[in-house]
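A short worksheet on the structure shown next.
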Amino acid sequence: MGNQLTLTKEQKKFKALLLEIPKTEIHLHLEGLASVDTIWQLMSEHQIPVNGVSSKADLQGKFQIKSLDEFIALFIDVIQNCFQADADFEYLNRDARDYLKRNNIVYSEIFFAPTKFILNGFSFESMIEKLDRGARRLEDEDGIVVRYIIDVSRGYGVDNAMKNLDLTIKNRTKRIIGIGLGGAELHGPAKDYQKVFERAIANDLHVVAHAGEDVGPQSIWDTLKYLKASRIGHGISAIEDEKLMEHLAKTQIPLEICPTSNLFTRKYATTIKNHPIRAFFDHGMNVTVNTDDPTLFGVDLLDEYMKLRTNDIFSETEIVQLIRNGVYATFQSDAAKAALWKRVEEKIKPA
Ligand SMILES: [Zn+2]
């Protein structure tokens, strides 16, 4: 992948600049940040058997997924399932901190999907309390701001999504800012979740949804119509619908593009060169760059930007524009966005 690439002198210089630039990330799953070390440690500690895994190398092998369904099974049955004690959530806090620091991400909106954990006996309140504490520490000690979006997964149905929303409203902190619809789109059309989203909006929560990741453009239209999502997770099947691309360009609804993740699911892009991100950019659509699940896809945010640069998909100036889109697509206040963008500008102005 991108990190094995030999970089030219110029590319190395750009990568160093990219690291210097304070960045945001808005499509990132907390569980997808759990390192292989963490999962291995939890598996061993709690003696959780995983089919075909008797060493850390086997576990690493499990992460070579080939489809979205395989991915979701790994996410739920292996990663989420390994968490058995409240204290385990400290590992997630630690892995998140390492990742954000390593990539100089200073503001991030991170998905957390509570359902499987709740089914395994955790209380929503205690998980949120742990994650909130981790985020507060990160802010105090490292100046990194984390906000959470509760992922109400399609895989568990509408009633469960409404339950998660109720829990979110009840246990809201300033760090819990919204809900997101995740999971494979074939498992449930956006329309089914309309009431959940209406209620979230009425309660001043931000709403986002995965759409157009493994299903055609109608899924994106429906997400806009029924869920009134402020941002679209992936949205890459829009490439099949000129009218939709026009609409997205006109409304400037941000797309949370995760290039490497999309290559794993292989639905609308098979190589970075035929990924629709460039076409979207040329259509004037508001695209941002994200990783989705760094451990599962073996990718860092820095790698994602470098992959787009070294494959000549975007120029250095355009990459900076993508970073800017990422700043302004967040749910921060306008003043906070402007202040963060100013910090970026200070890094990129010629010496
Ligand atoms: Zn995602």
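If you're wondering about the labels, chains in the structure tokens are A, B, ... by order shown, residues count from 1 in each chain, ligands from 1 in order shown.
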Query raised in the report: Neighbours of ligand 1 within 7 Å, counting only C-alpha atoms and all ligand atoms, as a list in words?
Result: His27, Leu28, His29, Gly182, His210, Gly233 and Asp292 of chain A
Go ahead and save the picked residues with C-alpha atoms, as a PDB file, in the first residue's frame.
ATOM      1  CA  HIS A  27     -15.328   9.617   8.959  1.00  0.00           C
ATOM      2  CA  LEU A  28     -13.572   7.371  11.404  1.00  0.00           C
ATOM      3  CA  HIS A  29     -14.881   4.472  13.490  1.00  0.00           C
ATOM      4  CA  GLY A 182     -23.947   2.771   9.337  1.00  0.00           C
ATOM      5  CA  HIS A 210     -23.363   6.046   5.112  1.00  0.00           C
ATOM      6  CA  GLY A 233     -20.527   8.799   4.246  1.00  0.00           C
ATOM      7  CA  ASP A 292     -12.937   4.861   7.842  1.00  0.00           C
TER       8      ASP A 292
END
Requested in this report: Extract, using only C-alpha atoms, all DNA, RNA and protein residues at most 9 Å from A:Pro254, discarding same-chain residues fewer than 6 positions from it, and format them as a list in words.
Outcome: Ser230, Arg231, Ile232, Gly233, Leu248, Met285, Asn286, Val287, Thr288, Asn325, Gly326 and Ala329 of chain A
Report task. Please return as a PyMOL selection string: the residues of stretch 73-196 of chain A that backbone DSSP assigns to alpha helix (DSSP H). Result -> chain A and resi 73+89-102+115-119+124-142+157-170+194-196
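Each of A:Leu30, A:Ile118, A:Val215, A:Val196 was checked against A:Asp159 using only C-alpha atoms; the smallest atom-to-atom distance is that of A:Val196.
Residue nearest A:Val106, chosen from A:Thr24, A:Gln194, A:Thr271, A:Thr310 and counting only C-alpha atoms: A:Thr24.
Using only C-alpha atoms, the shortest contact distance between A:Ile319 and any of A:Tyr268, A:Asn81, A:Met306, A:Ile48 is found at A:Met306.
With distances taken over only C-alpha atoms, A:Glu316 is the one residue among A:Glu316, A:Tyr328, A:Phe75, A:Phe280 lying closest to A:Lys13.
Proximity to A:Ile177 was assessed for A:Leu42, A:Thr317, A:Phe331, A:Leu302 counting only C-alpha atoms; the smallest distance is recorded for A:Phe331.
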Using only C-alpha atoms, what table do you get, as CSV, when you list each residue of stretch 143-171 of chain A with an atom no more than 8 Å from stretch 110-116 of chain A, its nearest pair of atoms, and their distance in Å rounded to one decimal, rows by chain then rising number?
residue,atom,partner,partner_atom,distance
A:Val146,CA,A:Ile110,CA,7.1
A:Arg147,CA,A:Ile110,CA,6.2
A:Tyr148,CA,A:Ile110,CA,4.8
A:Ile149,CA,A:Phe111,CA,4.7
A:Ile150,CA,A:Phe112,CA,5.1
A:Asp151,CA,A:Ala113,CA,4.6
A:Val152,CA,A:Ala113,CA,6.5
A:Ser153,CA,A:Ala113,CA,7.1
A:Tyr156,CA,A:Thr115,CA,7.8
A:Asn160,CA,A:Thr115,CA,7.9
A:Asn164,CA,A:Thr115,CA,7.6
Quick one: write out the picked residues with C-alpha atoms as a tab-separated table (two decimals), in the first residue's frame?
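Heads up, here's the output in result_23.tsv:
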chain	number	residue	atom	x	y	z
A	146	VAL	CA	-12.70	14.62	19.72
A	147	ARG	CA	-16.46	14.56	19.22
A	148	TYR	CA	-18.51	11.37	18.98
A	149	ILE	CA	-21.27	10.41	16.60
A	150	ILE	CA	-23.31	7.42	17.73
A	151	ASP	CA	-23.59	4.89	14.92
A	152	VAL	CA	-27.11	3.45	14.81
A	153	SER	CA	-26.35	0.52	12.56
A	156	TYR	CA	-29.75	-4.23	14.00
A	160	ASN	CA	-32.69	-0.74	17.94
A	164	ASN	CA	-29.73	4.00	20.62
Requested in this report: Assign secondary structure with DSSP using the backbone only, and return the residues of stretch 48-162 of chain A in strand (DSSP E) as a PyMOL selection string.
Outcome: chain A and resi 105-112+145-151
With N, CA and C atoms retained, could you export that selection as a PDB file, in the first residue's frame?
ATOM      1  N   ILE A 105      -3.895  15.012  13.635  1.00  0.00           N
ATOM      2  CA  ILE A 105      -5.322  15.337  13.484  1.00  0.00           C
ATOM      3  C   ILE A 105      -5.721  16.055  14.776  1.00  0.00           C
ATOM      4  N   VAL A 106      -6.113  17.302  14.650  1.00  0.00           N
ATOM      5  CA  VAL A 106      -6.369  18.088  15.863  1.00  0.00           C
ATOM      6  C   VAL A 106      -7.852  18.166  16.209  1.00  0.00           C
ATOM      7  N   TYR A 107      -8.685  17.777  15.262  1.00  0.00           N
ATOM      8  CA  TYR A 107     -10.128  17.771  15.512  1.00  0.00           C
ATOM      9  C   TYR A 107     -10.720  16.583  14.751  1.00  0.00           C
ATOM     10  N   SER A 108     -11.513  15.779  15.454  1.00  0.00           N
ATOM     11  CA  SER A 108     -12.060  14.606  14.797  1.00  0.00           C
ATOM     12  C   SER A 108     -13.465  14.295  15.291  1.00  0.00           C
ATOM     13  N   GLU A 109     -14.308  13.874  14.374  1.00  0.00           N
ATOM     14  CA  GLU A 109     -15.645  13.391  14.741  1.00  0.00           C
ATOM     15  C   GLU A 109     -15.629  11.884  14.508  1.00  0.00           C
ATOM     16  N   ILE A 110     -15.773  11.135  15.596  1.00  0.00           N
ATOM     17  CA  ILE A 110     -15.541   9.690  15.548  1.00  0.00           C
ATOM     18  C   ILE A 110     -16.832   8.923  15.812  1.00  0.00           C
ATOM     19  N   PHE A 111     -17.096   7.929  14.954  1.00  0.00           N
ATOM     20  CA  PHE A 111     -18.267   7.069  15.161  1.00  0.00           C
ATOM     21  C   PHE A 111     -17.997   6.071  16.276  1.00  0.00           C
ATOM     22  N   PHE A 112     -19.044   5.817  17.045  1.00  0.00           N
ATOM     23  CA  PHE A 112     -18.981   4.720  18.001  1.00  0.00           C
ATOM     24  C   PHE A 112     -20.299   3.958  17.901  1.00  0.00           C
ATOM     25  N   VAL A 145      -9.117  17.722  19.862  1.00  0.00           N
ATOM     26  CA  VAL A 145     -10.550  17.714  20.162  1.00  0.00           C
ATOM     27  C   VAL A 145     -11.223  16.528  19.471  1.00  0.00           C
ATOM     28  N   VAL A 146     -11.947  15.741  20.271  1.00  0.00           N
ATOM     29  CA  VAL A 146     -12.704  14.617  19.722  1.00  0.00           C
ATOM     30  C   VAL A 146     -14.183  14.811  20.035  1.00  0.00           C
ATOM     31  N   ARG A 147     -15.008  14.587  19.031  1.00  0.00           N
ATOM     32  CA  ARG A 147     -16.456  14.557  19.219  1.00  0.00           C
ATOM     33  C   ARG A 147     -16.943  13.184  18.745  1.00  0.00           C
ATOM     34  N   TYR A 148     -18.015  12.695  19.360  1.00  0.00           N
ATOM     35  CA  TYR A 148     -18.511  11.368  18.983  1.00  0.00           C
ATOM     36  C   TYR A 148     -19.850  11.456  18.259  1.00  0.00           C
ATOM     37  N   ILE A 149     -19.991  10.579  17.294  1.00  0.00           N
ATOM     38  CA  ILE A 149     -21.269  10.407  16.598  1.00  0.00           C
ATOM     39  C   ILE A 149     -21.692   8.953  16.836  1.00  0.00           C
ATOM     40  N   ILE A 150     -22.861   8.769  17.397  1.00  0.00           N
ATOM     41  CA  ILE A 150     -23.310   7.421  17.733  1.00  0.00           C
ATOM     42  C   ILE A 150     -23.864   6.742  16.474  1.00  0.00           C
ATOM     43  N   ASP A 151     -23.246   5.623  16.144  1.00  0.00           N
ATOM     44  CA  ASP A 151     -23.585   4.888  14.925  1.00  0.00           C
ATOM     45  C   ASP A 151     -24.778   3.974  15.220  1.00  0.00           C
TER      46      ASP A 151
END
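Contact shell of A:Ile72 at 12 Å (only C-alpha atoms; same-chain neighbours under 3 positions omitted): Glu31, Gly32, Phe63, Ile65, Lys66, Ser67, Leu68, Asp69, Phe75, Ile76, Asp77, Val78, Ile79, Gln80, Ala113, Lys116, Ser153, Arg154, Gly155, Gly182, Gly183, Ala184, Glu185, His187, Thr265, Asp293 and Leu296 of chain A.
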Find the nearest atom pair between each residue of stretch 116-167 of chain A and stretch 95-104 of chain A for residues within 12 Å, count only C-alpha atoms, give distances in Å to one decimal, sort rows by chain and ascending number, and present the table as CSV.
residue,atom,partner,partner_atom,distance
A:Leu131,CA,A:Ala96,CA,10.3
A:Gly134,CA,A:Arg97,CA,8.6
A:Ala135,CA,A:Arg97,CA,8.7
A:Arg136,CA,A:Arg97,CA,11.4
A:Arg137,CA,A:Arg97,CA,9.7
A:Leu138,CA,A:Arg97,CA,7.0
A:Glu139,CA,A:Arg97,CA,10.2
A:Glu141,CA,A:Arg97,CA,10.6
A:Asp142,CA,A:Lys101,CA,8.3
A:Gly143,CA,A:Lys101,CA,10.1
A:Ile144,CA,A:Leu100,CA,7.9
A:Val145,CA,A:Leu100,CA,9.7
A:Val146,CA,A:Leu100,CA,9.5
Requested in this report: Measuring atom to atom with only C-alpha atoms, identify which of A:Ile236, A:Leu301, A:Leu308, A:Leu224 is nearest to A:Gly212.
Outcome: A:Ile236
Residues near A:Ser237, cut-off 8 Å, only C-alpha atoms, skip fewer than 2 positions along chain, as an mmCIF file with C-alpha atoms, in the first residue's frame:
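In the end it all went to selection_1.cif:
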data_model
loop_
_atom_site.group_PDB
_atom_site.id
_atom_site.type_symbol
_atom_site.label_atom_id
_atom_site.label_comp_id
_atom_site.auth_asym_id
_atom_site.auth_seq_id
_atom_site.Cartn_x
_atom_site.Cartn_y
_atom_site.Cartn_z
ATOM 1 C CA GLY A 212 -23.740 5.052 -1.871
ATOM 2 C CA GLU A 213 -20.975 2.861 -0.497
ATOM 3 C CA ASP A 214 -22.169 -0.497 -1.789
ATOM 4 C CA VAL A 215 -25.523 0.423 -3.303
ATOM 5 C CA GLY A 216 -26.381 2.686 -6.262
ATOM 6 C CA PRO A 217 -27.202 6.414 -6.326
ATOM 7 C CA GLY A 235 -21.376 8.565 -1.538
ATOM 8 C CA ILE A 239 -20.606 8.654 -10.048
ATOM 9 C CA GLU A 240 -23.413 6.785 -11.853
ATOM 10 C CA ASP A 241 -25.843 9.695 -11.702
ATOM 11 C CA TYR A 268 -17.355 1.598 -7.317
#
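Atom CA of A:Leu340 sits 7.2 Å away from atom CA of A:Val327.
Every protein, DNA or RNA residue with an atom at most 8 Å from stretch 87-89 of chain A, where only C-alpha atoms count and chain neighbours fewer than 2 positions away do not, is listed here: Leu42, Phe83, Gln84, Ala85, Tyr91, Leu92, Asn93, Met127, Lys130 and Leu131 of chain A.
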Query raised in the report: Expressed in Å to a single decimal, how great is the separation between atom CA of A:Arg94 and atom CA of A:Arg133?
Result: 11.6 Å
